[in-house]
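A.B. asks: To be precise about what I am sending: the file is called run.cif and holds mmCIF, C-alpha atoms.
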data_coords
#
loop_
_atom_site.group_PDB
_atom_site.id
_atom_site.type_symbol
_atom_site.label_atom_id
_atom_site.label_comp_id
_atom_site.auth_asym_id
_atom_site.auth_seq_id
_atom_site.Cartn_x
_atom_site.Cartn_y
_atom_site.Cartn_z
ATOM 1 C CA MET A 9 15.098 9.544 1.841
ATOM 2 C CA THR A 10 17.549 9.515 4.724
ATOM 3 C CA ARG A 11 17.582 13.316 4.751
ATOM 4 C CA ALA A 12 13.786 13.336 4.675
ATOM 5 C CA MET A 13 13.611 10.961 7.606
ATOM 6 C CA ARG A 14 15.966 13.242 9.548
ATOM 7 C CA GLY A 15 13.277 15.919 9.338
ATOM 8 C CA ASP A 16 14.198 17.695 6.093
ATOM 9 C CA ARG A 17 10.772 18.752 4.831
ATOM 10 C CA SER A 18 11.945 19.706 1.330
ATOM 11 C CA ALA A 19 13.705 16.333 0.951
ATOM 12 C CA PHE A 20 10.469 14.613 1.970
ATOM 13 C CA ALA A 21 8.625 16.656 -0.667
ATOM 14 C CA VAL A 22 11.012 15.310 -3.307
ATOM 15 C CA VAL A 23 10.443 11.734 -2.112
ATOM 16 C CA VAL A 24 6.664 12.147 -2.226
ATOM 17 C CA LYS A 25 6.614 13.831 -5.638
ATOM 18 C CA THR A 26 8.923 11.167 -7.065
ATOM 19 C CA HIS A 27 6.796 8.237 -5.965
ATOM 20 C CA GLU A 28 3.257 9.604 -5.606
ATOM 21 C CA LEU A 29 1.938 8.602 -9.011
ATOM 22 C CA ARG A 30 3.058 4.970 -8.819
ATOM 23 C CA LEU A 31 1.809 4.676 -5.240
ATOM 24 C CA PHE A 32 -1.525 6.215 -6.204
ATOM 25 C CA ARG A 33 -1.965 3.952 -9.249
ATOM 26 C CA PHE A 34 -1.129 0.905 -7.144
ATOM 27 C CA ALA A 35 -3.524 1.886 -4.371
ATOM 28 C CA SER A 36 -6.284 2.707 -6.876
ATOM 29 C CA ARG A 37 -6.146 -0.776 -8.310
ATOM 30 C CA MET A 38 -5.799 -2.395 -4.908
ATOM 31 C CA VAL A 39 -8.961 -0.785 -3.498
ATOM 32 C CA GLY A 40 -10.856 0.000 -6.734
ATOM 33 C CA ASP A 41 -11.615 3.561 -5.636
ATOM 34 C CA ARG A 42 -9.478 6.569 -6.556
ATOM 35 C CA GLU A 43 -10.722 8.875 -3.808
ATOM 36 C CA ALA A 44 -10.047 6.224 -1.195
ATOM 37 C CA ALA A 45 -6.673 5.504 -2.793
ATOM 38 C CA ARG A 46 -5.734 9.173 -2.537
ATOM 39 C CA ASP A 47 -6.576 9.226 1.168
ATOM 40 C CA ILE A 48 -4.772 5.937 1.797
ATOM 41 C CA VAL A 49 -1.524 7.074 0.179
ATOM 42 C CA GLN A 50 -1.636 10.503 1.821
ATOM 43 C CA ASP A 51 -2.318 9.042 5.264
ATOM 44 C CA ALA A 52 0.419 6.428 4.845
ATOM 45 C CA LEU A 53 2.990 9.068 3.884
ATOM 46 C CA ILE A 54 1.921 11.410 6.693
ATOM 47 C CA ARG A 55 2.314 8.543 9.174
ATOM 48 C CA LEU A 56 5.732 7.810 7.709
ATOM 49 C CA TRP A 57 6.768 11.433 8.334
ATOM 50 C CA GLN A 58 5.385 11.435 11.863
ATOM 51 C CA SER A 59 7.201 8.214 12.761
ATOM 52 C CA ARG A 60 10.426 9.172 10.979
ATOM 53 C CA ASP A 61 12.440 8.790 14.192
ATOM 54 C CA SER A 62 11.999 5.030 13.950
ATOM 55 C CA TYR A 63 12.946 4.836 10.259
ATOM 56 C CA THR A 64 15.784 2.507 9.335
ATOM 57 C CA PRO A 65 17.575 3.140 6.017
ATOM 58 C CA GLN A 66 16.296 1.017 3.134
ATOM 59 C CA ASP A 67 18.097 -0.249 0.056
ATOM 60 C CA ALA A 68 15.122 0.382 -2.213
ATOM 61 C CA VAL A 69 12.949 3.340 -1.255
ATOM 62 C CA SER A 70 10.408 2.560 -3.949
ATOM 63 C CA ALA A 71 9.907 -0.977 -2.628
ATOM 64 C CA TYR A 72 9.681 0.313 0.941
ATOM 65 C CA LEU A 73 6.979 2.845 0.053
ATOM 66 C CA LEU A 74 5.006 0.292 -1.967
ATOM 67 C CA ARG A 75 5.086 -2.049 1.012
ATOM 68 C CA ILE A 76 3.741 0.669 3.308
ATOM 69 C CA VAL A 77 0.933 1.494 0.879
ATOM 70 C CA ARG A 78 0.156 -2.188 0.281
ATOM 71 C CA ASN A 79 -0.306 -2.668 4.031
ATOM 72 C CA ALA A 80 -2.493 0.439 4.236
ATOM 73 C CA CYS A 81 -4.619 -0.849 1.346
ATOM 74 C CA ILE A 82 -5.086 -4.210 3.047
ATOM 75 C CA ASP A 83 -6.169 -2.463 6.252
ATOM 76 C CA PHE A 84 -8.610 -0.331 4.262
ATOM 77 C CA VAL A 85 -10.097 -3.262 2.368
ATOM 78 C CA ARG A 86 -10.549 -5.286 5.550
ATOM 79 C CA ALA A 87 -12.150 -2.368 7.386
ATOM 80 C CA ASN A 88 -14.470 -1.480 4.516
ATOM 81 C CA ARG A 89 -15.414 -4.865 3.173
ATOM 82 C CA LYS A 90 -19.000 -4.356 2.065
ATOM 83 C CA PHE A 91 -19.393 -7.409 -0.078
ATOM 84 C CA ASP A 92 -17.594 -10.672 -0.530
ATOM 85 C CA HIS A 93 -17.593 -10.775 -4.281
ATOM 86 C CA VAL A 94 -17.843 -8.101 -6.954
ATOM 87 C CA ARG A 95 -20.363 -9.234 -9.545
ATOM 88 C CA ILE A 96 -19.016 -8.849 -13.031
ATOM 89 C CA ASP A 97 -21.471 -10.928 -15.012
ATOM 90 C CA ASP A 98 -24.074 -8.144 -15.310
ATOM 91 C CA ASP A 99 -22.205 -6.781 -18.285
ATOM 92 C CA ALA A 100 -21.199 -10.121 -19.770
ATOM 93 C CA PRO A 101 -20.934 -9.854 -23.524
ATOM 94 C CA THR A 102 -23.462 -11.402 -25.821
ATOM 95 C CA MET A 103 -22.024 -13.459 -28.627
ATOM 96 C CA SER A 104 -22.836 -10.833 -31.186
ATOM 97 C CA PRO A 105 -20.526 -10.987 -34.189
ATOM 98 C CA SER A 106 -21.240 -7.316 -34.881
ATOM 99 C CA CYS A 107 -19.425 -6.132 -31.782
ATOM 100 C CA GLU A 108 -16.540 -3.905 -32.644
ATOM 101 C CA GLU A 109 -13.194 -5.271 -31.536
ATOM 102 C CA ASN A 110 -12.268 -2.139 -29.623
ATOM 103 C CA VAL A 111 -15.580 -2.175 -27.771
ATOM 104 C CA MET A 112 -14.917 -5.740 -26.696
ATOM 105 C CA ALA A 113 -11.381 -4.903 -25.678
ATOM 106 C CA GLY A 114 -12.740 -2.034 -23.598
ATOM 107 C CA ALA A 115 -15.334 -4.310 -22.013
ATOM 108 C CA LEU A 116 -12.629 -6.833 -21.165
ATOM 109 C CA ARG A 117 -10.474 -4.127 -19.625
ATOM 110 C CA ASP A 118 -13.386 -2.918 -17.494
ATOM 111 C CA ALA A 119 -14.239 -6.470 -16.477
ATOM 112 C CA LEU A 120 -10.616 -7.116 -15.594
ATOM 113 C CA GLU A 121 -10.491 -4.055 -13.328
ATOM 114 C CA ARG A 122 -13.546 -5.330 -11.473
ATOM 115 C CA ALA A 123 -12.396 -8.954 -11.424
ATOM 116 C CA LEU A 124 -9.144 -7.829 -9.820
ATOM 117 C CA LEU A 125 -11.124 -6.791 -6.748
ATOM 118 C CA ASN A 126 -12.243 -10.389 -6.281
ATOM 119 C CA LEU A 127 -8.691 -11.674 -5.969
ATOM 120 C CA PRO A 128 -7.125 -12.141 -2.536
ATOM 121 C CA GLU A 129 -5.074 -9.031 -1.659
ATOM 122 C CA SER A 130 -1.803 -10.948 -1.901
ATOM 123 C CA GLN A 131 -2.510 -12.087 -5.473
ATOM 124 C CA ARG A 132 -3.956 -8.711 -6.471
ATOM 125 C CA ALA A 133 -0.832 -6.881 -5.331
ATOM 126 C CA VAL A 134 1.394 -9.224 -7.336
ATOM 127 C CA PHE A 135 -0.775 -8.932 -10.462
ATOM 128 C CA VAL A 136 -1.009 -5.131 -10.301
ATOM 129 C CA LEU A 137 2.704 -4.596 -9.736
ATOM 130 C CA SER A 138 3.663 -7.124 -12.392
ATOM 131 C CA GLU A 139 1.152 -6.226 -15.110
ATOM 132 C CA HIS A 140 0.164 -2.628 -14.535
ATOM 133 C CA GLU A 141 3.481 -1.378 -13.169
ATOM 134 C CA GLY A 142 5.631 -3.627 -15.358
ATOM 135 C CA MET A 143 7.810 -4.809 -12.487
ATOM 136 C CA THR A 144 9.870 -8.007 -12.612
ATOM 137 C CA TYR A 145 9.200 -10.831 -10.165
ATOM 138 C CA GLN A 146 12.345 -9.827 -8.267
ATOM 139 C CA GLU A 147 11.181 -6.221 -7.966
ATOM 140 C CA VAL A 148 7.734 -7.379 -6.841
ATOM 141 C CA ALA A 149 9.338 -9.700 -4.280
ATOM 142 C CA GLU A 150 11.332 -6.779 -2.847
ATOM 143 C CA ALA A 151 8.286 -4.518 -2.773
ATOM 144 C CA LEU A 152 6.079 -7.053 -1.039
ATOM 145 C CA GLY A 153 8.767 -8.582 1.151
ATOM 146 C CA CYS A 154 8.243 -12.149 -0.001
ATOM 147 C CA PRO A 155 10.376 -14.720 -1.872
ATOM 148 C CA HIS A 156 10.682 -14.741 -5.661
ATOM 149 C CA GLY A 157 9.010 -18.157 -5.833
ATOM 150 C CA THR A 158 6.018 -16.859 -3.883
ATOM 151 C CA VAL A 159 5.583 -14.072 -6.404
ATOM 152 C CA ALA A 160 5.615 -16.603 -9.250
ATOM 153 C CA SER A 161 3.047 -18.843 -7.585
ATOM 154 C CA ARG A 162 0.766 -15.913 -6.642
ATOM 155 C CA LYS A 163 0.976 -14.564 -10.167
ATOM 156 C CA TYR A 164 -0.019 -17.922 -11.600
ATOM 157 C CA ALA A 165 -2.876 -18.239 -9.101
ATOM 158 C CA ALA A 166 -4.068 -14.726 -9.975
ATOM 159 C CA VAL A 167 -3.956 -15.383 -13.699
ATOM 160 C CA ALA A 168 -5.768 -18.706 -13.298
ATOM 161 C CA ALA A 169 -8.521 -17.069 -11.225
ATOM 162 C CA LEU A 170 -8.916 -14.163 -13.659
ATOM 163 C CA ARG A 171 -8.990 -16.512 -16.616
ATOM 164 C CA LYS A 172 -11.793 -18.462 -14.954
ATOM 165 C CA GLU A 173 -13.749 -15.358 -13.979
ATOM 166 C CA LEU A 174 -13.361 -13.657 -17.347
ATOM 167 C CA ARG A 175 -14.172 -16.746 -19.374
ATOM 168 C CA PRO A 176 -17.064 -15.073 -21.335
ATOM 169 C CA TRP A 177 -14.870 -12.148 -22.402
ATOM 170 C CA LEU A 178 -11.938 -14.384 -23.341
ATOM 171 C CA GLU A 179 -14.141 -16.654 -25.440
ATOM 172 C CA GLU A 180 -15.598 -13.622 -27.174
ATOM 173 C CA ASP A 181 -12.132 -12.346 -27.916
ATOM 174 C CA VAL A 182 -11.101 -15.674 -29.425
ATOM 175 C CA ASN A 183 -14.279 -15.773 -31.528
ATOM 176 C CA ASP A 184 -13.502 -12.273 -32.810
ATOM 177 C CA ARG A 185 -10.152 -13.469 -34.015
ATOM 178 C CA MET A 186 -11.649 -16.335 -36.018
ATOM 179 C CA MET B 5 0.477 -34.238 -11.784
ATOM 180 C CA THR B 6 0.124 -34.169 -15.547
ATOM 181 C CA GLU B 7 2.602 -32.497 -17.842
ATOM 182 C CA CYS B 8 0.016 -29.753 -18.461
ATOM 183 C CA ASP B 9 -0.252 -29.081 -14.707
ATOM 184 C CA ALA B 10 3.502 -28.614 -14.556
ATOM 185 C CA ILE B 11 3.688 -26.458 -17.672
ATOM 186 C CA ARG B 12 0.866 -23.984 -16.977
ATOM 187 C CA PRO B 13 2.608 -21.990 -14.231
ATOM 188 C CA GLN B 14 5.573 -21.839 -16.585
ATOM 189 C CA ILE B 15 3.380 -20.305 -19.302
ATOM 190 C CA THR B 16 2.642 -17.336 -17.059
ATOM 191 C CA ALA B 17 6.315 -16.947 -16.208
ATOM 192 C CA LEU B 18 7.284 -17.249 -19.860
ATOM 193 C CA LEU B 19 4.921 -14.469 -20.902
ATOM 194 C CA ASP B 20 6.303 -12.367 -18.027
ATOM 195 C CA GLY B 21 9.820 -12.820 -19.394
ATOM 196 C CA GLU B 22 10.919 -14.724 -16.313
ATOM 197 C CA LEU B 23 12.096 -18.022 -17.863
ATOM 198 C CA SER B 24 15.531 -19.135 -19.003
ATOM 199 C CA LEU B 25 16.073 -19.984 -22.662
ATOM 200 C CA ALA B 26 16.069 -23.704 -21.882
ATOM 201 C CA ALA B 27 12.780 -23.435 -19.999
ATOM 202 C CA ILE B 28 11.265 -21.346 -22.793
ATOM 203 C CA ALA B 29 12.131 -24.069 -25.305
ATOM 204 C CA GLU B 30 10.532 -26.703 -23.082
ATOM 205 C CA VAL B 31 7.301 -24.721 -22.668
ATOM 206 C CA ASP B 32 7.149 -23.860 -26.371
ATOM 207 C CA ALA B 33 7.556 -27.514 -27.309
ATOM 208 C CA HIS B 34 4.677 -28.506 -25.051
ATOM 209 C CA VAL B 35 2.363 -25.666 -26.070
ATOM 210 C CA ASN B 36 2.897 -26.387 -29.764
ATOM 211 C CA GLY B 37 1.644 -29.908 -29.258
ATOM 212 C CA CYS B 38 -1.128 -29.327 -26.703
ATOM 213 C CA THR B 39 -4.371 -27.629 -27.697
ATOM 214 C CA ALA B 40 -5.481 -27.023 -24.103
ATOM 215 C CA CYS B 41 -2.225 -25.343 -23.078
ATOM 216 C CA ALA B 42 -2.187 -23.372 -26.337
ATOM 217 C CA ALA B 43 -5.596 -21.985 -25.312
ATOM 218 C CA VAL B 44 -4.221 -21.086 -21.884
ATOM 219 C CA TYR B 45 -1.288 -19.368 -23.569
ATOM 220 C CA ALA B 46 -3.664 -17.342 -25.766
ATOM 221 C CA ASP B 47 -5.924 -16.407 -22.827
ATOM 222 C CA ILE B 48 -3.037 -15.179 -20.714
ATOM 223 C CA GLY B 49 -1.783 -13.131 -23.647
ATOM 224 C CA ILE B 50 -5.210 -11.487 -23.949
ATOM 225 C CA LEU B 51 -5.320 -10.795 -20.201
ATOM 226 C CA LYS B 52 -1.875 -9.232 -20.297
ATOM 227 C CA THR B 53 -2.844 -7.017 -23.213
ATOM 228 C CA ALA B 54 -6.002 -5.931 -21.396
ATOM 229 C CA ALA B 55 -4.004 -5.113 -18.243
ATOM 230 C CA ARG B 56 -1.289 -3.203 -20.057
ATOM 231 C CA THR B 57 -3.744 -1.164 -22.114
ATOM 232 C CA ALA B 58 -5.931 -0.305 -19.129
ATOM 233 C CA ALA B 59 -7.173 3.254 -18.994
ATOM 234 C CA PRO B 60 -4.374 5.406 -17.584
ATOM 235 C CA ILE B 61 -4.837 6.761 -14.104
ATOM 236 C CA PRO B 62 -4.285 10.523 -14.292
ATOM 237 C CA PRO B 63 -1.535 12.122 -12.218
ATOM 238 C CA VAL B 64 -2.457 13.440 -8.808
ATOM 239 C CA ASP B 65 -0.894 15.983 -6.523
ATOM 240 C CA LEU B 66 -0.605 14.328 -3.146
ATOM 241 C CA TRP B 67 2.164 16.530 -1.804
ATOM 242 C CA THR B 68 0.006 19.639 -1.233
ATOM 243 C CA GLY B 69 -2.274 17.776 1.165
ATOM 244 C CA ILE B 70 0.604 15.945 2.809
ATOM 245 C CA GLY B 71 2.639 19.138 3.212
ATOM 246 C CA GLU B 72 -0.278 20.931 4.856
ATOM 247 C CA ALA B 73 -0.967 17.995 7.162
ATOM 248 C CA ILE B 74 2.615 17.667 8.350
ATOM 249 C CA ASP B 75 2.894 21.443 8.839
ATOM 250 C CA GLU B 76 -0.254 21.365 10.952
ATOM 251 C CA ALA B 77 1.049 18.390 12.925
ATOM 252 C CA ASP B 78 4.368 20.157 13.474
ATOM 253 C CA HIS B 79 2.548 23.278 14.715
ATOM 254 C CA ASP B 80 0.491 21.143 17.092
ATOM 255 C CA MET B 81 3.692 19.575 18.378
ATOM 256 C CA LEU B 82 5.268 23.008 18.905
ATOM 257 C CA ASP B 83 2.158 24.138 20.813
ATOM 258 C CA THR B 84 2.375 21.058 22.986
ATOM 259 C CA MET B 85 6.070 21.655 23.658
ATOM 260 C CA ARG B 86 5.345 25.284 24.593
ATOM 261 C CA LEU B 87 2.660 24.153 27.064
ATOM 262 C CA LEU B 88 5.007 21.549 28.516
ATOM 263 C CA ARG B 89 7.705 24.204 28.990
ATOM 264 C CA GLN B 90 5.182 26.413 30.827
ATOM 265 C CA GLU B 91 4.195 23.472 32.984
ATOM 266 C CA MET B 92 7.835 22.736 33.823
ATOM 267 C CA GLN B 93 8.383 26.369 34.785
ATOM 268 C CA SER B 94 5.339 26.415 37.085
ATOM 269 C CA LEU B 95 6.484 23.161 38.711
ATOM 270 C CA ARG B 96 9.940 24.628 39.297
ATOM 271 C CA GLU B 97 8.309 27.617 40.991
ATOM 272 C CA GLU B 98 6.148 25.350 43.163
ATOM 273 C CA VAL B 99 9.176 23.340 44.265
ATOM 274 C CA ALA B 100 11.107 26.538 45.063
ATOM 275 C CA ALA B 101 8.181 27.828 47.170
ATOM 276 C CA LEU B 102 8.005 24.544 49.072
ATOM 277 C CA ARG B 103 11.713 24.620 49.763
ATOM 278 C CA GLN B 104 11.462 28.172 51.109
ATOM 279 C CA GLU B 105 8.541 27.147 53.325
ATOM 280 C CA LEU B 106 10.454 24.171 54.710
ATOM 281 C CA ALA B 107 13.548 26.262 55.302
ATOM 282 C CA LYS B 108 11.516 28.633 57.564
ATOM 283 C CA ARG B 109 10.393 25.790 59.856
ATOM 284 C CA PRO B 110 12.470 24.768 62.885
ATOM 285 C CA ALA B 111 14.181 21.437 62.545
ATOM 286 C CA SER B 112 12.214 18.686 64.296
ATOM 287 C CA THR B 113 13.971 16.746 67.038
ATOM 288 C CA VAL B 114 11.326 13.996 67.071
ATOM 289 C CA SER B 115 11.571 11.141 64.615
ATOM 290 C CA ARG B 116 8.309 10.598 62.746
ATOM 291 C CA SER B 117 6.726 7.429 61.472
ATOM 292 C CA THR B 118 4.236 9.262 59.222
ATOM 293 C CA PRO B 119 5.030 11.594 56.304
ATOM 294 C CA ILE B 120 5.256 15.311 56.937
ATOM 295 C CA SER B 121 2.259 17.205 55.571
ATOM 296 C CA LEU B 122 3.672 19.839 53.266
ATOM 297 C CA PRO B 123 1.909 23.181 52.967
ATOM 298 C CA ASP B 124 0.009 23.888 49.797
ATOM 299 C CA ALA B 125 1.727 26.234 47.413
ATOM 300 C CA PRO B 126 -0.305 28.319 44.960
ATOM 301 C CA ARG B 127 -0.517 26.591 41.596
ATOM 302 C CA LYS B 128 0.318 28.911 38.720
ATOM 303 C CA SER B 129 0.114 26.500 35.826
ATOM 304 C CA MET B 130 -1.814 27.690 32.767
ATOM 305 C CA SER B 131 -1.450 24.364 31.051
ATOM 306 C CA GLN B 132 -4.236 21.930 30.292
ATOM 307 C CA TYR B 133 -1.690 19.170 30.910
ATOM 308 C CA ARG B 134 -0.926 17.774 34.326
ATOM 309 C CA LEU B 135 2.453 16.216 34.795
ATOM 310 C CA VAL B 136 2.446 13.333 37.235
#
For this file, produce the structure as structure tokens.
C.D. replies:
Amino acid sequence: MTRAMRGDRSAFAVVVKTHELRLFRFASRMVGDREAARDIVQDALIRLWQSRDSYTPQDAVSAYLLRIVRNACIDFVRANRKFDHVRIDDDAPTMSPSCEENVMAGALRDALERALLNLPESQRAVFVLSEHEGMTYQEVAEALGCPHGTVASRKYAAVAALRKELRPWLEEDVNDRM
Amino acid sequence: MTECDAIRPQITALLDGELSLAAIAEVDAHVNGCTACAAVYADIGILKTAARTAAPIPPVDLWTGIGEAIDEADHDMLDTMRLLRQEMQSLREEVAALRQELAKRPASTVSRSTPISLPDAPRKSMSQYRLV
């Protein structure tokens, strides 16, 4: 990374190729739009290259890049906020006992993706990094630049909000298990 | 705050593998005896499974676009530097012409309270930029 920030284009290519998939996945779930996520990550990395003279060496490059992309996602969401709340109850499951378990699991996954967009950005970032990227609270804290305890409280708040929003799907899942 | 209120954040941390063994034992003991917290435990487990089995996001190639953009930006910067060099050269020539013009004039013996009006020198700059 240090070589890249000194203007070594091939070193920057290695940095981008190493981290692009995780950054893209994170951005996709933060903004709920893969095309927008692609643009956000590309623009953020281009800006990083253009402002490389002001770069200060980082202990964890991965955390540094995630923080840059997180900030870019927040800017994007705030600039493109079209609605206050994504409706997810249009596809709420009926209590049909004939539903296949995998269909319900798929419906829950889809509902979860949409419900994520209703979380505050701070909670969404913690949930995505923790659950989808499998990062520990400490790793999330480093990536987002906040204390470990803040990560724990945001994660709990995110889970509580999702549990409330996805109540119909969770009840259906429990009924399927009975 | 009830015991359940205190335990529920711990349930999330437990399922994330973030609790010590002693804390795990405490949460387990409560959950085993509390129907409401057992339901929370089950719900969070379902949510975690749903998140971790989410449809994979396919790989993308971001570098091609980034590489092209930074190459283009670098070319633009080189163009700008070339124009600035041309501008500097034309300014040097203007200053040299002014100095020659001043050198040809007889030295004034009268002190002036207003600035001397310098003759105009031909401007040779090709640049769109004007240095101030």
A.B. asks: Using 9 Å as the limit and counting all atoms listed in the file, can you tabulate each residue of stretch 29-78 of chain B that touches stretch 47-66 of chain A, with its shortest atom-to-atom distance in Å and the two atoms involved, as a tab-separated table?
C.D. replies:
residue	atom	partner	partner_atom	distance
B:Leu66	CA	A:Gln50	CA	6.4
B:Trp67	CA	A:Gln50	CA	8.0
B:Gly69	CA	A:Gln50	CA	7.3
B:Ile70	CA	A:Gln50	CA	6.0
B:Gly71	CA	A:Ile54	CA	8.5
B:Ala73	CA	A:Ile54	CA	7.2
B:Ile74	CA	A:Ile54	CA	6.5
B:Ala77	CA	A:Gln58	CA	8.3
B:Asp78	CA	A:Gln58	CA	8.9
A.B. asks: Compile the residues of chain A that lie within 6 Å of chain B, evaluated using all atoms listed in the file, and express the compilation as a PyMOL selection string.
C.D. replies: chain A and resi 29+50+117+140+164
A.B. asks: What is the distance, in Å and to one decimal place, between atom CA of A:Ala133 and atom CA of A:Gly153?
C.D. replies: 11.7 Å
A.B. asks: Near A:Ala68, counting all atoms listed in the file, which residues have an atom at most 9 Å away, once you skip same-chain residues fewer than 4 positions from it, shown as a CSV table (one decimal) with C-alpha atoms, in the frame of the given file?
C.D. replies:
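selection.csv, written as the output of this step:
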chain,number,residue,atom,x,y,z
A,72,TYR,CA,9.7,0.3,0.9
A,73,LEU,CA,7.0,2.8,0.1
A,150,GLU,CA,11.3,-6.8,-2.8
A,151,ALA,CA,8.3,-4.5,-2.8
A.B. asks: Mind giving me the straight-line distance from atom CA of A:Ala166 to atom CA of A:Gln131 in Å, one decimal?
C.D. replies: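 So the answer is 5.4 Å.
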